[in-house]
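Participant: For reference, the file start15.csv (CSV, C-alpha atoms) is included below:
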chain,number,residue,atom,x,y,z
B,1138,MET,CA,-40.9,-30.0,-8.6
B,1139,THR,CA,-38.2,-27.8,-7.0
B,1140,GLY,CA,-35.6,-28.1,-4.2
B,1141,ILE,CA,-33.0,-30.8,-4.1
B,1142,ALA,CA,-33.5,-34.3,-5.7
B,1143,TRP,CA,-31.1,-36.6,-3.9
B,1144,ILE,CA,-29.6,-39.5,-5.8
B,1145,ALA,CA,-28.4,-41.6,-2.9
B,1146,ALA,CA,-26.3,-44.5,-4.1
B,1147,TYR,CA,-23.2,-46.6,-3.5
B,1148,PRO,CA,-20.3,-45.7,-5.7
B,1149,LYS,CA,-20.3,-47.7,-9.0
B,1150,SER,CA,-24.0,-48.5,-8.7
B,1151,GLY,CA,-25.1,-46.8,-11.9
B,1152,SER,CA,-25.6,-43.1,-11.1
B,1153,THR,CA,-23.8,-42.0,-14.2
B,1154,TRP,CA,-26.3,-44.1,-16.3
B,1155,LEU,CA,-29.1,-42.5,-14.4
B,1156,GLN,CA,-27.6,-39.1,-15.1
B,1157,LEU,CA,-27.4,-39.9,-18.9
B,1158,ALA,CA,-31.1,-40.9,-18.8
B,1159,LEU,CA,-32.1,-37.7,-17.0
B,1160,GLU,CA,-30.0,-35.6,-19.4
B,1161,SER,CA,-31.7,-37.2,-22.4
B,1162,VAL,CA,-35.2,-36.8,-20.9
B,1163,SER,CA,-34.6,-33.2,-20.0
B,1164,SER,CA,-33.3,-32.4,-23.5
B,1165,GLY,CA,-36.3,-34.0,-25.3
B,1166,GLY,CA,-34.8,-37.4,-25.8
B,1167,ALA,CA,-31.6,-36.3,-27.5
B,1168,ALA,CA,-28.6,-38.6,-27.6
B,1169,CYS,CA,-25.9,-37.9,-25.0
B,1170,SER,CA,-22.3,-38.9,-24.4
B,1171,ILE,CA,-21.0,-40.9,-21.5
B,1172,ASN,CA,-17.6,-39.0,-21.7
B,1173,GLY,CA,-18.9,-35.5,-21.8
B,1174,PRO,CA,-19.3,-33.2,-18.8
B,1175,HIS,CA,-22.5,-33.9,-16.9
B,1176,PRO,CA,-23.6,-30.6,-15.4
B,1177,LEU,CA,-27.1,-31.9,-14.6
B,1178,ILE,CA,-26.1,-33.9,-11.5
B,1179,GLY,CA,-23.7,-32.5,-9.0
B,1180,HIS,CA,-21.8,-34.1,-6.3
B,1181,ALA,CA,-23.2,-33.3,-2.9
B,1182,ALA,CA,-19.8,-33.6,-1.4
B,1183,SER,CA,-18.3,-30.9,-3.7
B,1184,ARG,CA,-16.1,-28.6,-1.8
B,1185,ALA,CA,-16.0,-26.1,-4.7
B,1186,ARG,CA,-19.8,-25.7,-4.4
B,1187,LEU,CA,-19.6,-25.2,-0.6
B,1188,ASP,CA,-16.8,-22.6,-1.0
B,1189,ALA,CA,-18.6,-20.6,-3.7
B,1190,GLU,CA,-22.0,-20.6,-2.0
B,1191,LEU,CA,-20.8,-19.8,1.5
B,1192,ASP,CA,-17.9,-17.6,0.7
B,1193,ILE,CA,-15.4,-19.7,2.6
B,1194,GLU,CA,-12.4,-21.9,2.0
B,1195,SER,CA,-13.4,-25.3,3.3
B,1196,SER,CA,-9.7,-26.1,3.3
B,1197,ASP,CA,-9.3,-23.7,6.2
B,1198,LEU,CA,-12.0,-25.4,8.2
B,1199,THR,CA,-11.8,-28.3,10.6
B,1200,ALA,CA,-13.8,-31.4,9.6
B,1201,ALA,CA,-16.4,-30.7,12.3
B,1202,GLU,CA,-16.8,-27.1,11.1
B,1203,GLU,CA,-17.3,-28.2,7.5
B,1204,ALA,CA,-19.8,-30.9,8.5
B,1205,SER,CA,-21.8,-28.4,10.5
B,1206,ALA,CA,-22.0,-26.0,7.6
B,1207,ARG,CA,-23.2,-28.6,5.0
B,1208,PRO,CA,-26.9,-28.7,6.1
B,1209,ARG,CA,-26.9,-24.8,5.8
B,1210,LEU,CA,-25.4,-25.2,2.3
B,1211,TYR,CA,-28.1,-27.6,1.2
B,1212,GLU,CA,-30.8,-25.3,2.6
B,1213,ARG,CA,-29.4,-22.4,0.6
B,1214,LEU,CA,-29.2,-24.5,-2.6
B,1215,ALA,CA,-32.8,-25.7,-2.2
B,1216,GLN,CA,-34.2,-22.2,-1.8
B,1217,ASN,CA,-35.6,-20.1,-4.7
B,1218,ARG,CA,-35.2,-22.8,-7.3
B,1219,THR,CA,-37.6,-23.2,-10.2
B,1220,ALA,CA,-36.2,-26.6,-11.3
B,1221,PRO,CA,-34.9,-29.4,-9.1
B,1222,LEU,CA,-31.2,-29.6,-8.3
B,1223,PHE,CA,-29.9,-33.2,-8.7
B,1224,LEU,CA,-27.3,-34.0,-6.2
B,1225,LYS,CA,-25.7,-37.4,-6.0
B,1226,VAL,CA,-24.6,-38.5,-2.5
B,1227,HIS,CA,-22.6,-41.4,-1.2
B,1228,ASP,CA,-22.4,-40.2,2.4
B,1229,ALA,CA,-23.8,-42.0,5.3
B,1230,TRP,CA,-26.7,-40.4,7.2
B,1231,GLN,CA,-25.3,-38.9,10.4
B,1232,ARG,CA,-25.8,-36.0,12.8
B,1233,THR,CA,-23.5,-33.0,12.6
B,1234,PRO,CA,-21.1,-32.5,15.5
B,1235,ALA,CA,-23.5,-30.0,17.0
B,1236,GLY,CA,-26.3,-32.5,16.7
N,163,MET,CA,-1.4,-1.1,19.2
N,164,SER,CA,0.9,-1.0,16.2
N,165,ASP,CA,0.8,0.2,12.6
N,166,TYR,CA,1.4,-2.2,9.7
N,167,LEU,CA,1.6,-2.1,5.9
N,168,LEU,CA,-0.8,-4.1,3.9
N,169,CYS,CA,-1.6,-3.4,0.2
N,170,GLY,CA,0.0,0.0,0.7
N,171,TRP,CA,-2.5,0.8,3.3
N,172,ARG,CA,-1.7,1.9,6.8
N,173,VAL,CA,-3.3,-0.7,9.1
N,174,ARG,CA,-3.6,0.2,12.8
N,175,SER,CA,-4.2,-2.9,14.9
N,176,ASP,CA,-4.9,-3.9,18.5
N,177,LEU,CA,-4.0,-7.4,17.5
N,178,PRO,CA,-0.3,-8.1,16.8
N,179,LEU,CA,0.1,-9.0,13.1
N,180,PRO,CA,3.5,-10.5,12.8
N,181,GLU,CA,2.9,-11.5,9.2
N,182,LEU,CA,2.9,-7.8,8.1
N,183,PRO,CA,5.8,-5.4,7.8
N,184,ALA,CA,5.7,-2.3,10.1
N,185,TRP,CA,4.2,0.8,8.5
N,186,PRO,CA,7.2,2.5,6.9
N,187,GLY,CA,5.6,5.9,6.5
N,188,GLY,CA,5.4,8.7,9.0
N,189,ASP,CA,2.5,9.9,11.1
N,190,GLN,CA,1.1,12.5,8.6
N,191,GLN,CA,-1.2,10.0,6.9
N,192,PRO,CA,-4.1,8.7,9.1
N,193,PRO,CA,-4.7,4.9,9.3
N,194,ASP,CA,-6.6,3.6,6.3
N,195,ILE,CA,-7.9,0.6,8.3
N,196,THR,CA,-8.3,0.2,12.0
N,197,ILE,CA,-8.5,-3.3,13.6
N,198,ARG,CA,-9.7,-3.2,17.2
N,199,LEU,CA,-10.8,-5.7,19.9
N,200,GLY,CA,-14.5,-5.2,20.9
N,201,GLU,CA,-18.0,-6.6,21.0
N,202,VAL,CA,-19.5,-8.1,17.9
N,203,PRO,CA,-23.4,-8.5,18.0
N,204,GLU,CA,-25.0,-11.9,17.6
N,205,ARG,CA,-27.0,-10.7,14.6
N,206,LEU,CA,-27.1,-7.9,12.1
N,207,THR,CA,-30.5,-6.6,10.9
N,208,PRO,CA,-32.0,-6.3,8.3
N,209,LEU,CA,-30.0,-8.9,6.4
N,210,VAL,CA,-29.4,-9.3,2.7
N,211,PHE,CA,-27.3,-12.4,3.2
N,212,GLU,CA,-27.1,-15.0,5.9
N,213,GLY,CA,-25.0,-18.1,5.8
N,214,PRO,CA,-23.4,-20.2,8.5
N,215,PHE,CA,-20.3,-18.0,8.6
N,216,LEU,CA,-21.3,-14.7,7.1
N,217,GLN,CA,-24.1,-12.1,7.5
N,218,VAL,CA,-24.3,-9.0,5.4
N,219,ASP,CA,-26.8,-6.2,6.3
N,220,THR,CA,-28.5,-3.8,3.9
N,221,GLY,CA,-25.9,-1.1,4.6
N,222,GLY,CA,-23.0,-3.4,3.5
N,223,LEU,CA,-21.9,-4.1,7.1
N,224,CYS,CA,-20.5,-7.7,7.3
N,225,ARG,CA,-20.3,-10.1,10.3
N,226,PHE,CA,-18.1,-13.1,9.9
N,227,GLU,CA,-17.8,-15.9,12.5
N,228,ILE,CA,-15.9,-19.1,13.0
N,229,ALA,CA,-17.5,-20.2,16.3
N,230,ALA,CA,-14.4,-21.7,17.8
N,231,VAL,CA,-12.1,-18.9,16.7
N,232,ALA,CA,-13.6,-15.4,16.6
N,233,ARG,CA,-16.3,-13.0,15.4
N,234,TYR,CA,-15.4,-10.2,13.1
N,235,LEU,CA,-17.4,-7.1,12.2
N,236,VAL,CA,-16.3,-5.4,8.9
N,237,ARG,CA,-17.4,-1.9,8.3
N,238,ALA,CA,-17.1,0.4,5.3
N,239,GLY,CA,-13.6,-0.9,4.3
N,240,ARG,CA,-12.1,1.1,7.2
N,241,GLU,CA,-12.8,-0.7,10.4
N,242,VAL,CA,-12.7,-4.3,11.7
N,243,VAL,CA,-13.9,-5.2,15.2
N,244,VAL,CA,-12.6,-8.6,16.4
N,245,ALA,CA,-14.0,-10.6,19.3
N,246,PRO,CA,-11.7,-13.6,19.7
N,247,GLN,CA,-12.8,-16.7,21.6
N,248,PRO,CA,-10.8,-16.8,24.8
N,249,ALA,CA,-9.3,-20.2,24.0
N,250,ALA,CA,-8.6,-19.3,20.3
N,251,ASP,CA,-5.0,-19.3,19.0
N,252,GLY,CA,-3.7,-16.0,17.7
N,253,GLY,CA,-2.7,-17.7,14.4
N,254,GLU,CA,-6.2,-18.9,13.8
N,255,VAL,CA,-7.7,-15.5,14.5
N,256,ARG,CA,-5.3,-14.0,11.9
N,257,LEU,CA,-5.9,-16.8,9.4
N,258,PHE,CA,-9.6,-15.8,9.0
N,259,LEU,CA,-8.7,-12.1,9.3
N,260,PHE,CA,-6.3,-12.4,6.3
N,261,ALA,CA,-8.5,-14.7,4.2
N,262,ASN,CA,-12.1,-13.8,4.8
N,263,VAL,CA,-12.2,-10.5,6.5
N,264,PHE,CA,-9.5,-9.1,4.2
N,265,GLY,CA,-11.5,-10.1,1.1
N,266,LEU,CA,-14.6,-8.4,2.5
N,267,LEU,CA,-12.6,-5.2,3.3
N,268,CYS,CA,-11.3,-5.2,-0.3
N,269,HIS,CA,-14.8,-5.2,-1.7
N,270,GLN,CA,-15.9,-2.4,0.6
N,271,ARG,CA,-12.8,-0.4,-0.5
N,272,GLY,CA,-13.6,-0.9,-4.2
N,273,VAL,CA,-10.5,-2.9,-5.1
N,274,PHE,CA,-10.8,-6.3,-6.8
N,275,PRO,CA,-9.7,-9.3,-4.7
N,276,LEU,CA,-8.9,-12.4,-6.7
N,277,HIS,CA,-8.9,-15.8,-5.1
N,278,ALA,CA,-5.3,-16.3,-6.3
N,279,SER,CA,-1.7,-16.7,-5.3
N,280,CYS,CA,0.6,-14.2,-7.0
N,281,VAL,CA,4.3,-14.1,-7.8
N,282,GLU,CA,6.6,-11.4,-9.2
N,283,ILE,CA,8.5,-12.3,-12.4
N,284,ASP,CA,10.6,-9.7,-14.2
N,285,GLY,CA,9.0,-6.9,-12.2
N,286,ARG,CA,5.4,-7.9,-13.0
N,287,ALA,CA,2.7,-9.7,-11.2
N,288,VAL,CA,1.6,-13.2,-12.4
N,289,ALA,CA,-1.6,-14.3,-10.7
N,290,LEU,CA,-2.5,-18.0,-10.2
N,291,ALA,CA,-6.2,-18.3,-9.6
N,292,GLY,CA,-8.5,-21.2,-9.1
N,293,GLU,CA,-10.6,-23.2,-6.6
N,294,SER,CA,-9.2,-24.5,-3.4
N,295,GLY,CA,-7.0,-27.6,-3.9
N,296,VAL,CA,-6.0,-26.9,-7.5
N,297,GLY,CA,-2.4,-26.0,-6.5
N,298,LYS,CA,-2.2,-22.2,-6.5
N,299,SER,CA,0.0,-22.0,-3.4
N,300,THR,CA,2.0,-25.1,-4.4
N,301,LEU,CA,2.9,-23.6,-7.8
N,302,ALA,CA,3.6,-20.2,-6.2
N,303,ALA,CA,5.9,-21.9,-3.7
N,304,ARG,CA,7.8,-23.7,-6.3
N,305,ILE,CA,8.3,-20.6,-8.4
N,306,GLY,CA,9.3,-18.8,-5.2
N,307,GLN,CA,12.0,-21.4,-4.6
N,308,ARG,CA,13.5,-20.5,-7.9
N,309,GLY,CA,14.1,-17.0,-6.6
N,310,TYR,CA,10.9,-15.1,-7.4
N,311,ARG,CA,9.1,-13.2,-4.8
N,312,LEU,CA,5.6,-13.8,-3.5
N,313,LEU,CA,3.1,-11.0,-3.9
N,314,ALA,CA,0.0,-12.6,-2.5
N,315,ASP,CA,-1.4,-15.9,-1.4
N,316,ASP,CA,-5.1,-16.7,-1.2
N,317,VAL,CA,-6.3,-13.1,-1.7
N,318,CYS,CA,-4.6,-11.2,-4.5
N,319,VAL,CA,-5.7,-7.6,-4.5
N,320,VAL,CA,-6.0,-5.9,-7.9
N,321,ASP,CA,-6.2,-2.1,-8.1
N,322,TRP,CA,-8.1,-2.2,-11.4
N,323,ARG,CA,-8.7,1.6,-11.7
N,324,HIS,CA,-5.0,2.5,-11.7
N,325,PRO,CA,-4.2,4.8,-14.7
N,326,ALA,CA,-1.2,2.7,-15.7
N,327,GLY,CA,-3.4,-0.5,-15.9
N,328,PRO,CA,-4.2,-3.1,-13.2
N,329,GLN,CA,-1.8,-3.3,-10.4
N,330,VAL,CA,-1.4,-6.0,-7.7
N,331,LEU,CA,-1.1,-4.6,-4.2
N,332,PRO,CA,1.3,-6.7,-2.1
N,333,GLY,CA,-0.5,-8.9,0.4
N,334,VAL,CA,0.5,-11.1,3.2
N,335,ALA,CA,4.0,-12.7,3.0
N,336,ARG,CA,3.1,-16.3,3.6
N,337,LEU,CA,1.8,-19.4,1.9
N,338,LYS,CA,-0.6,-22.0,3.2
N,339,LEU,CA,0.7,-25.5,2.2
N,340,TRP,CA,-0.3,-29.1,2.9
N,341,ALA,CA,2.2,-31.4,4.6
N,342,ASP,CA,2.6,-33.5,1.4
N,343,VAL,CA,3.5,-30.4,-0.6
N,344,LEU,CA,6.1,-29.3,2.1
N,345,ASP,CA,7.6,-32.7,1.8
N,346,LEU,CA,7.7,-32.5,-2.0
N,347,LEU,CA,9.4,-29.0,-1.8
N,348,ASN,CA,11.8,-30.1,0.9
N,349,LEU,CA,10.4,-27.6,3.3
N,350,PRO,CA,10.1,-28.3,7.0
N,351,ALA,CA,6.6,-28.8,8.6
N,352,ASP,CA,7.1,-26.6,11.7
N,353,PRO,CA,4.4,-27.7,14.2
N,354,VAL,CA,4.2,-24.1,15.5
N,355,SER,CA,3.0,-23.0,12.1
N,356,ARG,CA,0.2,-25.5,11.9
N,357,LEU,CA,-2.8,-23.7,10.3
N,358,ARG,CA,-5.4,-25.2,12.7
N,359,ALA,CA,-5.0,-27.7,15.5
N,360,GLY,CA,-5.1,-31.2,14.1
N,361,MET,CA,-4.8,-30.1,10.5
N,362,GLU,CA,-1.9,-31.2,8.2
N,363,LYS,CA,-1.7,-27.7,6.6
N,364,PHE,CA,1.0,-25.2,7.6
N,365,ILE,CA,1.9,-21.5,7.2
N,366,VAL,CA,5.2,-21.0,5.4
N,367,PRO,CA,6.6,-17.4,5.6
N,368,GLU,CA,8.0,-15.9,2.4
N,369,PRO,CA,11.8,-15.9,3.1
N,370,SER,CA,12.5,-12.6,1.3
N,371,GLY,CA,9.4,-10.8,2.8
N,372,ILE,CA,6.8,-9.2,0.7
N,373,SER,CA,7.4,-6.7,-2.0
N,374,LEU,CA,6.5,-3.2,-0.7
N,375,ALA,CA,5.4,-1.6,-3.9
N,376,PRO,CA,2.5,-2.5,-6.2
N,377,ARG,CA,3.4,-4.4,-9.4
N,378,PRO,CA,1.7,-4.2,-12.8
N,379,LEU,CA,-0.5,-7.3,-13.4
N,380,ALA,CA,1.1,-9.3,-16.3
N,381,ALA,CA,-1.4,-12.2,-16.6
N,382,VAL,CA,-4.0,-14.3,-14.7
N,383,TYR,CA,-3.9,-18.1,-15.0
N,384,HIS,CA,-7.0,-20.0,-14.0
N,385,LEU,CA,-5.7,-23.3,-12.7
N,386,ARG,CA,-7.7,-26.5,-13.0
N,387,VAL,CA,-6.8,-30.1,-12.4
N,388,ASP,CA,-7.5,-32.5,-15.3
N,389,THR,CA,-6.7,-36.1,-14.3
N,390,ARG,CA,-6.3,-37.1,-18.0
N,391,LEU,CA,-3.2,-34.9,-18.3
N,392,GLY,CA,-0.9,-37.0,-16.1
N,393,ASP,CA,2.2,-34.8,-15.4
N,394,GLN,CA,1.5,-32.5,-18.4
N,395,ALA,CA,-0.1,-29.1,-18.5
N,396,THR,CA,-1.9,-27.0,-21.1
N,397,PHE,CA,-2.5,-23.3,-21.6
N,398,GLU,CA,-5.6,-22.1,-23.3
N,399,PRO,CA,-6.0,-18.4,-23.8
N,400,LEU,CA,-9.4,-16.9,-22.7
N,401,ARG,CA,-10.9,-14.1,-24.7
N,402,GLY,CA,-13.9,-11.9,-24.6
N,403,PHE,CA,-16.7,-12.9,-22.3
N,404,ALA,CA,-15.0,-16.2,-21.3
N,405,ALA,CA,-12.1,-14.1,-19.9
N,406,ILE,CA,-14.5,-11.8,-18.0
N,407,SER,CA,-16.6,-14.6,-16.5
N,408,ALA,CA,-13.6,-16.6,-15.4
N,409,LEU,CA,-12.3,-13.5,-13.5
N,410,ILE,CA,-15.7,-13.0,-11.9
N,411,GLU,CA,-15.8,-16.6,-10.9
N,412,ALA,CA,-12.3,-16.2,-9.4
N,413,THR,CA,-13.3,-13.3,-7.3
N,414,SER,CA,-12.7,-13.8,-3.6
N,415,ARG,CA,-15.9,-13.5,-1.5
N,416,ARG,CA,-18.0,-13.1,-4.6
N,417,ASN,CA,-21.4,-13.8,-3.0
N,418,ALA,CA,-20.8,-11.2,-0.3
N,419,ALA,CA,-19.6,-8.7,-2.9
N,420,ILE,CA,-22.8,-9.2,-4.9
N,421,ARG,CA,-25.0,-8.9,-1.8
N,422,MET,CA,-23.2,-5.7,-0.9
N,423,GLY,CA,-24.5,-4.3,-4.2
N,424,GLY,CA,-21.2,-4.7,-6.0
N,425,GLU,CA,-22.3,-6.8,-8.9
N,426,LYS,CA,-22.0,-4.0,-11.5
N,427,ARG,CA,-18.6,-2.9,-10.1
N,428,LEU,CA,-17.4,-6.5,-10.2
N,429,PHE,CA,-18.3,-6.8,-13.8
N,430,GLU,CA,-16.6,-3.5,-14.6
N,431,ALA,CA,-13.5,-4.6,-12.7
N,432,ALA,CA,-13.4,-8.0,-14.4
N,433,SER,CA,-14.0,-6.4,-17.9
N,434,ARG,CA,-11.2,-3.8,-17.3
N,435,VAL,CA,-8.7,-6.5,-16.2
N,436,ALA,CA,-9.7,-8.9,-19.0
N,437,ALA,CA,-9.2,-6.1,-21.5
N,438,ALA,CA,-5.8,-5.1,-20.1
N,439,VAL,CA,-4.0,-8.3,-19.5
N,440,PRO,CA,-3.9,-11.8,-21.0
N,441,THR,CA,-5.8,-14.5,-19.1
N,442,ALA,CA,-5.7,-18.2,-19.7
N,443,ARG,CA,-7.1,-21.5,-18.5
N,444,LEU,CA,-4.1,-23.5,-17.2
N,445,ARG,CA,-4.9,-27.2,-16.9
N,446,ARG,CA,-2.5,-29.4,-15.1
N,447,GLY,CA,-2.5,-33.1,-14.5
N,448,ALA,CA,-3.1,-34.5,-11.0
N,449,ASP,CA,0.5,-35.8,-10.9
N,450,LEU,CA,2.7,-33.4,-8.9
N,451,ALA,CA,5.7,-34.8,-10.8
N,452,GLY,CA,4.7,-32.2,-13.5
N,453,LEU,CA,5.3,-29.3,-11.0
N,454,GLU,CA,8.9,-28.5,-12.1
N,455,ALA,CA,8.0,-28.2,-15.7
N,456,LEU,CA,4.9,-26.2,-15.0
N,457,ALA,CA,6.9,-23.7,-12.8
N,458,SER,CA,9.4,-23.4,-15.6
N,459,ALA,CA,6.7,-22.9,-18.2
N,460,VAL,CA,5.1,-20.0,-16.2
N,461,ILE,CA,8.5,-18.4,-15.5
N,462,ILE,CA,9.6,-18.6,-19.2
N,463,ARG,CA,6.3,-17.1,-20.4
N,464,HIS,CA,7.0,-14.0,-18.3
N,465,GLY,CA,10.6,-13.5,-19.3
N,466,GLY,CA,12.2,-15.1,-16.2
N,467,ARG,CA,15.1,-17.4,-16.1
N,468,VAL,CA,15.0,-21.1,-15.2
What would the structure in this file look like if it were written as structure tokens?
Facilitator:
Amino acid sequence: MTGIAWIAAYPKSGSTWLQLALESVSSGGAACSINGPHPLIGHAASRARLDAELDIESSDLTAAEEASARPRLYERLAQNRTAPLFLKVHDAWQRTPAG
Amino acid sequence: MSDYLLCGWRVRSDLPLPELPAWPGGDQQPPDITIRLGEVPERLTPLVFEGPFLQVDTGGLCRFEIAAVARYLVRAGREVVVAPQPAADGGEVRLFLFANVFGLLCHQRGVFPLHASCVEIDGRAVALAGESGVGKSTLAARIGQRGYRLLADDVCVVDWRHPAGPQVLPGVARLKLWADVLDLLNLPADPVSRLRAGMEKFIVPEPSGISLAPRPLAAVYHLRVDTRLGDQATFEPLRGFAAISALIEATSRRNAAIRMGGEKRLFEAASRVAAAVPTARLRRGADLAGLEALASAVIIRHGGRV
């Protein structure tokens, strides 16, 4: 399995618990801490990821420009992966300003 | 057409660049960089990188575009062709010229652009690096209000090959600050200096202008927000590979640099800087009430007076 595995959830609906379960499974059943950093699941809305991948400061972009760039970001992130990328997302489904 | 000074380079530009001082030298030296208005093609080929804003071709030619603002072609560290949108504001055209295009030019010229703000304390350059939103410009602005001069904002250019050790080449004399920060610093939010239409972010010029000469790099602080710290801040020195990888991570336009074949040089530059100057992780709480103390701590560390 490759590409992006979306974890679509409302805030406070248990995605951190799911994350812990995934971490444990992917490390052979090892115990894991709820307080530690959880690198396995990223936030889809992360601006740092967008900035680093697309070589841009999203803080210089209008909301419409950022929204239009996001699908291209996810395409790039999904390419050339050997393991799935887990991204948790709280956003509503919507069209970009350009459609 | 006018000649300007940026990073010690003579920049000849069709576009007026009011943020930059006029070229102080004579006519003997030809321009280092030429910025002209012209056509920019829709697509470069063959490509080694293609994102929604940036294309890089196999020869290292870069094409950057913000659809509502302008297209830019960046060639060999020497030439920029700009095709502004007819309705675009000049400030917006320069915003991406000084942030994105400038970073690409630096990589093509073989200097090391850090994504950092930089202030001059006791004659030396102190770089404040980190992701967008961590408070680089805010901290630089507060240190600036204490009488220290700005050396760079956003793109901090390091001449890492200099025989006397890494030097910071003075950049653009302005800060980009959000309205709430202006409020905190008692600075006016001049609507004319709004970064983009409808955005609560503003351009604030450095009152004393930019330093004209390079300054030796004293330290690089990698800023990070840690919500558990409240209004406190902690310094954690970085050593060895951690110092090198933090510098690589803090490189402006890092993806483009790697696609232009600069990965080895990037590593070499980061290694050289890490070996020459102290670097540290600087964690600050999310509470801006800690800004005063943090500004003082940085100033005192570098022999300045508070």
Participant: So, counting only C-alpha atoms, which residue among B:Lys1149, B:His1227, B:His1180, B:Arg1209 is closest to chain N?
Facilitator: B:Arg1209
Participant: Leaving out Ala1158 in chain B and any residue of its chain fewer than 5 positions from it, which residues lie within 12 Å of it when counting only C-alpha atoms, given as a ChimeraX atom specification?
Facilitator: /B:1151-1153,1163-1171,1175,1177-1178
Participant: Pull out every residue of chain B that has at least one atom within 7 Å of chain N, counting only C-alpha atoms, and report them as a list of chain:residue names.
Facilitator: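 In the required form, that comes to B:Ala1185, B:Glu1190, B:Leu1191, B:Asp1192, B:Glu1194, B:Ser1196, B:Ala1206, B:Arg1209.
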Participant: Got a sec: who's within 8 Å of Arg434 in chain N, counting only C-alpha atoms, leaving out chain neighbours fewer than 4 positions off, as a list in words?
Facilitator: Trp322, Glu430 and Ala438 of chain N
Participant: Could the residues in this selection be saved with C-alpha atoms as a PDB file, in the coordinates of the input?
Facilitator:
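Final output, selection00.pdb:
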ATOM      1  CA  TRP N 322      -8.100  -2.200 -11.400  1.00  0.00           C
ATOM      2  CA  GLU N 430     -16.600  -3.500 -14.600  1.00  0.00           C
ATOM      3  CA  ALA N 438      -5.800  -5.100 -20.100  1.00  0.00           C
TER       4      ALA N 438
END
Participant: For the atom pair CA of Gly466 in chain N and CA of Arg304 in chain N, what is the interatomic distance in Å to one decimal place?
Facilitator: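 Computed distance, CA of Gly466 in chain N to CA of Arg304 in chain N, equals 13.8 Å.
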